[in-house]
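Undergrad: Handing you a structure now.
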Amino acid sequence: MGFLERVPQLDNVIARLERAEHLEELQTTIEWLRDHYAIDDMVYHWVSSNGTQYGCGTYDPKWVARYLEKGYLRVDPVVIGCYQRFHPVDWRRLDWSGKAARAFMQDAMAHGVGHQGYSIPIRGPHGQFALFTVSHTCTDEEWTHFTELNRRDLILLAHYFNQTALMLEPGRTPEATQPLSPREVETMTLLAVGYSRAQVAETLSISEHTLRVYIESARFKLGAMNTTHAVARAMSRGQIVV
Amino acid sequence: MIRYLYGDQLGKHPRLARSMFEDRADQFKTRLGWEVTVTEDGQELDVYDDLNPLYVIWETATGLHGGSMRFLPTTGRTMVNEHFLDLTDGVPFQSPFIWECTRFCLSRNAEPGTAAALMLAGGEIMQGFGIRHFVGVFDARMVRIYNRIGAAPEVLGTQGEGRQAISVGLWEFSAAAQQRVSRAAGIPLQTSRGWFEASFGNMAPQSDVSAA
């Protein structure tokens, strides 16, 4: 079905998100990502506590208009199953048994929405809520394979999309880049000069288990997809000096 | 059985929820003497309970709380990042793949195996949601219990002494540990998975939906 079997190079997507100055750039980025993963659709949608909404994605505009017109927000099992949650949801785990939910799914499919989906809810600051969704038409086995292969990257992308959207929210002063703690700076510096994980752990007198948690956390603060990417970003941001 | 309930779902299980907050008051205030806030009707609640956390609760045969723990993602507010940085070498943990686990509580009348059942549920969360690590805040004396059931945390630091000792520690998933904990709990992995699916839905074949 054409899914990429290897982890795609997503570093430039992150860089593009960071440089974004207008919400429209989220739209071009999400289209690129959808094509990159070779899936039917990818959608990002946020609702803030004061009710403001913003969305971008690859659904047919006719379906988006239909969704709004029909008030599907109150019927959609994906929204009902994800709102106020923080765990990712495979659509197969949702309750589609109700009459309204079944009718909604049929209407969605008639508008070209895939029957498989994976949605990642995000809780932002001050009651902000966002949902990042990928959807496709394929067998259960293929979808399980796709989500297992890409779940981690998709969760990171969901968060980075949301951070960008928050940054571009009108009237909002951008928050300073998340600083690394001294311990994380040491960790990234030693990795940058080529220490193995075992050597870093030994140098810092911590276990490799603790080191893994430091790296996981530093990666996210640096907005990176993987450790190599994180080291490069720490250097380019001047957070570590080698 | 294990129930996974977000804060906004507790209203549907009023007895279970009330007995959980009462058992928390009993454990953290009465038995351990921690500086926690207990309401007039004897329930222990803190600011993190207001953030709609995910509770994992052992429900007894009579529908009451036997033990529980509380999860929040570290991408938002957490107790460890706001109160215990001195125990983590000053590192605020922040990642969608690290969840915080706090208020690990066992009822006075908890049946043997309750702690293990809760840890087993923690493993389901890690596998089901792609979580790599838990960072936990717990009564230091719990370490003995965690070790005994085969789910030893890596303790990062401890503050206070005796009953008031509080530790911060890390867990990560291991299939071998999950097997050990399953045996300690006396609960087959299949049963544990069934409880997870009862709360979060099972993987219904999606073709049924389109045929509906």
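Numbering starts fresh at 1 for the residues of each chain in the structure tokens, the chains themselves are lettered A, B, ... in the order given, and ligands are numbered from 1 as they appear.
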What are the DSSP strand (DSSP E) residues of range 51-193 of chain B, as a PyMOL selection string?

TA: chain B and resi 54-59+65-73+98-106+133-139+154-159+166-172

Undergrad: Would you save the residues from that selection as a PDB file, in the first residue's frame, using C-alpha atoms?

TA:
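Contents of part_17.pdb, as written:
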ATOM      1  CA  LEU B  54      -6.321   9.175  34.779  1.00  0.00           C
ATOM      2  CA  TYR B  55      -6.940   6.985  37.839  1.00  0.00           C
ATOM      3  CA  VAL B  56      -6.171   3.295  37.860  1.00  0.00           C
ATOM      4  CA  ILE B  57      -8.286   1.712  40.570  1.00  0.00           C
ATOM      5  CA  TRP B  58      -8.560  -1.790  41.974  1.00  0.00           C
ATOM      6  CA  GLU B  59     -12.264  -2.288  42.646  1.00  0.00           C
ATOM      7  CA  HIS B  65     -11.609   0.947  46.487  1.00  0.00           C
ATOM      8  CA  GLY B  66      -8.834  -1.561  47.196  1.00  0.00           C
ATOM      9  CA  GLY B  67      -5.917   0.427  45.803  1.00  0.00           C
ATOM     10  CA  SER B  68      -5.177   3.060  43.196  1.00  0.00           C
ATOM     11  CA  MET B  69      -2.717   5.360  41.499  1.00  0.00           C
ATOM     12  CA  ARG B  70      -3.024   8.546  39.488  1.00  0.00           C
ATOM     13  CA  PHE B  71      -1.469   9.450  36.136  1.00  0.00           C
ATOM     14  CA  LEU B  72      -0.782  12.751  34.402  1.00  0.00           C
ATOM     15  CA  PRO B  73       1.272  13.408  31.263  1.00  0.00           C
ATOM     16  CA  ILE B  98       6.811   9.979  30.201  1.00  0.00           C
ATOM     17  CA  TRP B  99       3.780   9.946  32.469  1.00  0.00           C
ATOM     18  CA  GLU B 100       3.784  10.830  36.134  1.00  0.00           C
ATOM     19  CA  CYS B 101       2.365   8.353  38.648  1.00  0.00           C
ATOM     20  CA  THR B 102       1.402   9.698  42.091  1.00  0.00           C
ATOM     21  CA  ARG B 103      -0.799   8.880  45.101  1.00  0.00           C
ATOM     22  CA  PHE B 104      -0.103   5.154  44.942  1.00  0.00           C
ATOM     23  CA  CYS B 105      -2.470   4.019  47.655  1.00  0.00           C
ATOM     24  CA  LEU B 106      -3.501   0.727  49.187  1.00  0.00           C
ATOM     25  CA  HIS B 133       8.631   5.692  31.315  1.00  0.00           C
ATOM     26  CA  PHE B 134       6.728   6.491  34.462  1.00  0.00           C
ATOM     27  CA  VAL B 135       8.159   8.910  36.972  1.00  0.00           C
ATOM     28  CA  GLY B 136       6.589   8.195  40.335  1.00  0.00           C
ATOM     29  CA  VAL B 137       6.300   9.953  43.677  1.00  0.00           C
ATOM     30  CA  PHE B 138       5.709   7.416  46.431  1.00  0.00           C
ATOM     31  CA  ASP B 139       5.939   6.610  50.098  1.00  0.00           C
ATOM     32  CA  GLU B 154      14.912   3.036  39.997  1.00  0.00           C
ATOM     33  CA  VAL B 155      14.880   5.386  42.971  1.00  0.00           C
ATOM     34  CA  LEU B 156      16.271   8.814  42.019  1.00  0.00           C
ATOM     35  CA  GLY B 157      16.113  10.325  45.461  1.00  0.00           C
ATOM     36  CA  THR B 158      14.369  10.355  48.823  1.00  0.00           C
ATOM     37  CA  GLN B 159      13.521  13.167  51.202  1.00  0.00           C
ATOM     38  CA  ILE B 166       9.015  10.403  50.038  1.00  0.00           C
ATOM     39  CA  SER B 167      10.847   8.996  47.023  1.00  0.00           C
ATOM     40  CA  VAL B 168      10.917   9.782  43.329  1.00  0.00           C
ATOM     41  CA  GLY B 169      11.599   6.860  41.034  1.00  0.00           C
ATOM     42  CA  LEU B 170      11.416   5.644  37.463  1.00  0.00           C
ATOM     43  CA  TRP B 171       9.846   2.628  35.795  1.00  0.00           C
ATOM     44  CA  GLU B 172      10.102   1.418  32.252  1.00  0.00           C
TER      45      GLU B 172
END

Undergrad: Under the rule of at most 7 Å, produce a per-residue listing of chain B near chain A: chain, number, name, the closest pair of atoms, and the distance in Å, as CSV, using only C-alpha atoms.

TA:
residue,atom,partner,partner_atom,distance
B:Asp89,CA,A:Arg183,CA,7.0
B:Gly90,CA,A:Ser181,CA,6.6
B:Val91,CA,A:Ser181,CA,5.6
B:Phe93,CA,A:Ser217,CA,5.4
B:Gln94,CA,A:Ser217,CA,4.9
B:Ser95,CA,A:Ser217,CA,5.2
B:Phe129,CA,A:Pro88,CA,6.2
B:Phe200,CA,A:Arg93,CA,6.6
B:Gly201,CA,A:Arg93,CA,4.3
B:Asn202,CA,A:Arg93,CA,5.0
B:Met203,CA,A:Arg92,CA,5.0
B:Ala204,CA,A:Arg92,CA,5.2
B:Pro205,CA,A:Asp140,CA,6.6
B:Gln206,CA,A:Arg92,CA,5.9
B:Ser210,CA,A:Gln106,CA,7.0
B:Ala212,CA,A:Arg102,CA,6.8

Undergrad: Keeping only N, CA and C atoms, write the selected residues as a PDB file, in the first residue's frame.

TA:
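Output contents, as saved in selection_13.pdb:
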ATOM      1  N   ASP B  89      17.771  15.640  40.473  1.00  0.00           N
ATOM      2  CA  ASP B  89      18.975  16.330  39.993  1.00  0.00           C
ATOM      3  C   ASP B  89      18.603  17.598  39.232  1.00  0.00           C
ATOM      4  N   GLY B  90      17.439  18.153  39.563  1.00  0.00           N
ATOM      5  CA  GLY B  90      17.019  19.395  38.922  1.00  0.00           C
ATOM      6  C   GLY B  90      16.492  19.236  37.516  1.00  0.00           C
ATOM      7  N   VAL B  91      16.247  18.004  37.087  1.00  0.00           N
ATOM      8  CA  VAL B  91      15.742  17.776  35.725  1.00  0.00           C
ATOM      9  C   VAL B  91      14.214  17.712  35.737  1.00  0.00           C
ATOM     10  N   PHE B  93      11.166  16.492  34.096  1.00  0.00           N
ATOM     11  CA  PHE B  93      10.868  15.527  33.028  1.00  0.00           C
ATOM     12  C   PHE B  93       9.688  16.024  32.214  1.00  0.00           C
ATOM     13  N   GLN B  94       9.870  16.035  30.915  1.00  0.00           N
ATOM     14  CA  GLN B  94       8.828  16.551  30.030  1.00  0.00           C
ATOM     15  C   GLN B  94       8.856  15.789  28.728  1.00  0.00           C
ATOM     16  N   SER B  95       7.835  14.987  28.494  1.00  0.00           N
ATOM     17  CA  SER B  95       7.758  14.245  27.238  1.00  0.00           C
ATOM     18  C   SER B  95       6.399  13.565  27.162  1.00  0.00           C
ATOM     19  N   PHE B 129      -0.422   2.650  25.085  1.00  0.00           N
ATOM     20  CA  PHE B 129      -0.337   4.050  24.668  1.00  0.00           C
ATOM     21  C   PHE B 129       1.062   4.476  24.246  1.00  0.00           C
ATOM     22  N   PHE B 200     -11.010   1.092  27.727  1.00  0.00           N
ATOM     23  CA  PHE B 200     -10.590   1.906  26.576  1.00  0.00           C
ATOM     24  C   PHE B 200     -11.127   1.389  25.243  1.00  0.00           C
ATOM     25  N   GLY B 201     -11.930   0.332  25.286  1.00  0.00           N
ATOM     26  CA  GLY B 201     -12.475  -0.231  24.058  1.00  0.00           C
ATOM     27  C   GLY B 201     -11.550  -1.288  23.506  1.00  0.00           C
ATOM     28  N   ASN B 202     -12.144  -2.289  22.845  1.00  0.00           N
ATOM     29  CA  ASN B 202     -11.292  -3.294  22.215  1.00  0.00           C
ATOM     30  C   ASN B 202     -11.167  -2.980  20.727  1.00  0.00           C
ATOM     31  N   MET B 203     -10.263  -3.663  20.080  1.00  0.00           N
ATOM     32  CA  MET B 203     -10.001  -3.392  18.677  1.00  0.00           C
ATOM     33  C   MET B 203     -11.056  -4.073  17.809  1.00  0.00           C
ATOM     34  N   ALA B 204     -12.239  -3.477  17.734  1.00  0.00           N
ATOM     35  CA  ALA B 204     -13.289  -4.049  16.901  1.00  0.00           C
ATOM     36  C   ALA B 204     -12.850  -3.990  15.444  1.00  0.00           C
ATOM     37  N   PRO B 205     -13.048  -5.095  14.682  1.00  0.00           N
ATOM     38  CA  PRO B 205     -12.685  -5.034  13.259  1.00  0.00           C
ATOM     39  C   PRO B 205     -13.436  -3.890  12.593  1.00  0.00           C
ATOM     40  N   GLN B 206     -12.705  -3.022  11.908  1.00  0.00           N
ATOM     41  CA  GLN B 206     -13.320  -1.813  11.396  1.00  0.00           C
ATOM     42  C   GLN B 206     -14.215  -2.090  10.189  1.00  0.00           C
ATOM     43  N   SER B 210     -18.073  -0.354   8.589  1.00  0.00           N
ATOM     44  CA  SER B 210     -18.484   0.095   7.264  1.00  0.00           C
ATOM     45  C   SER B 210     -19.676  -0.716   6.769  1.00  0.00           C
ATOM     46  N   ALA B 212     -22.021  -1.706   8.674  1.00  0.00           N
ATOM     47  CA  ALA B 212     -23.184  -1.412   9.528  1.00  0.00           C
ATOM     48  C   ALA B 212     -24.170  -0.484   8.831  1.00  0.00           C
TER      49      ALA B 212
END

Undergrad: Can you check which residues of range 17-199 of chain B DSSP gives as helix (DSSP H, G or I) on the backbone and send them as a ChimeraX atom specification?

TA: /B:17-31,47-51,79-83,85-87,114-129,142-148,162-164,175-185,189-199

Undergrad: Which one of A:Gln128, A:Ser196, A:Thr58, A:Gln163 sits closest to Ala20 in chain A if you count only C-alpha atoms?

TA: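 Closest candidate: A:Gln163.
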
Undergrad: Please indicate the distance in Å from CA of Val43 in chain A to CA of Tyr59 in chain A, rounded to one decimal place.

TA: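 Separation between CA of Val43 in chain A and CA of Tyr59 in chain A: 7.4 Å.
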
Undergrad: Can you measure CA of Pro188 in chain B to CA of Ile149 in chain B for me? One decimal in Å is fine.

TA: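 So the two atoms, CA of Pro188 in chain B and CA of Ile149 in chain B, lie 14.5 Å apart.
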
Undergrad: Work out how far CA of Asn12 in chain A is from CA of Val241 in chain A, in Å to one decimal.

TA: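 Separation between CA of Val241 in chain A and CA of Asn12 in chain A: 22.6 Å.
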
Undergrad: Name all residues at most 8 Å from Ile39 in chain A (count only C-alpha atoms; drop same-chain ones fewer than 4 positions away) and give them as a PyMOL selection string.

TA: chain A and resi 3+34-35+134-136

Undergrad: Generate a file of the selected residues that holds N, CA and C atoms, formatted as a short mmCIF file (atom, residue, chain, number, x, y, z; two decimals), in the first residue's frame.

TA:
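Saved result, again-v2.cif, follows:
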data_model
loop_
_atom_site.label_atom_id
_atom_site.label_comp_id
_atom_site.auth_asym_id
_atom_site.auth_seq_id
_atom_site.Cartn_x
_atom_site.Cartn_y
_atom_site.Cartn_z
N PHE A 3 3.14 2.42 2.21
CA PHE A 3 3.64 3.07 3.42
C PHE A 3 5.16 3.00 3.43
N ARG A 34 1.13 14.34 4.98
CA ARG A 34 0.15 13.35 4.50
C ARG A 34 0.73 12.59 3.31
N ASP A 35 1.30 13.35 2.36
CA ASP A 35 1.90 12.72 1.18
C ASP A 35 3.09 11.84 1.58
N VAL A 134 -4.64 10.96 12.01
CA VAL A 134 -4.31 10.39 10.70
C VAL A 134 -5.41 9.40 10.36
N SER A 135 -5.78 9.35 9.09
CA SER A 135 -6.82 8.39 8.72
C SER A 135 -6.56 7.82 7.34
N HIS A 136 -7.07 6.62 7.12
CA HIS A 136 -6.74 5.90 5.90
C HIS A 136 -7.79 4.83 5.61
#
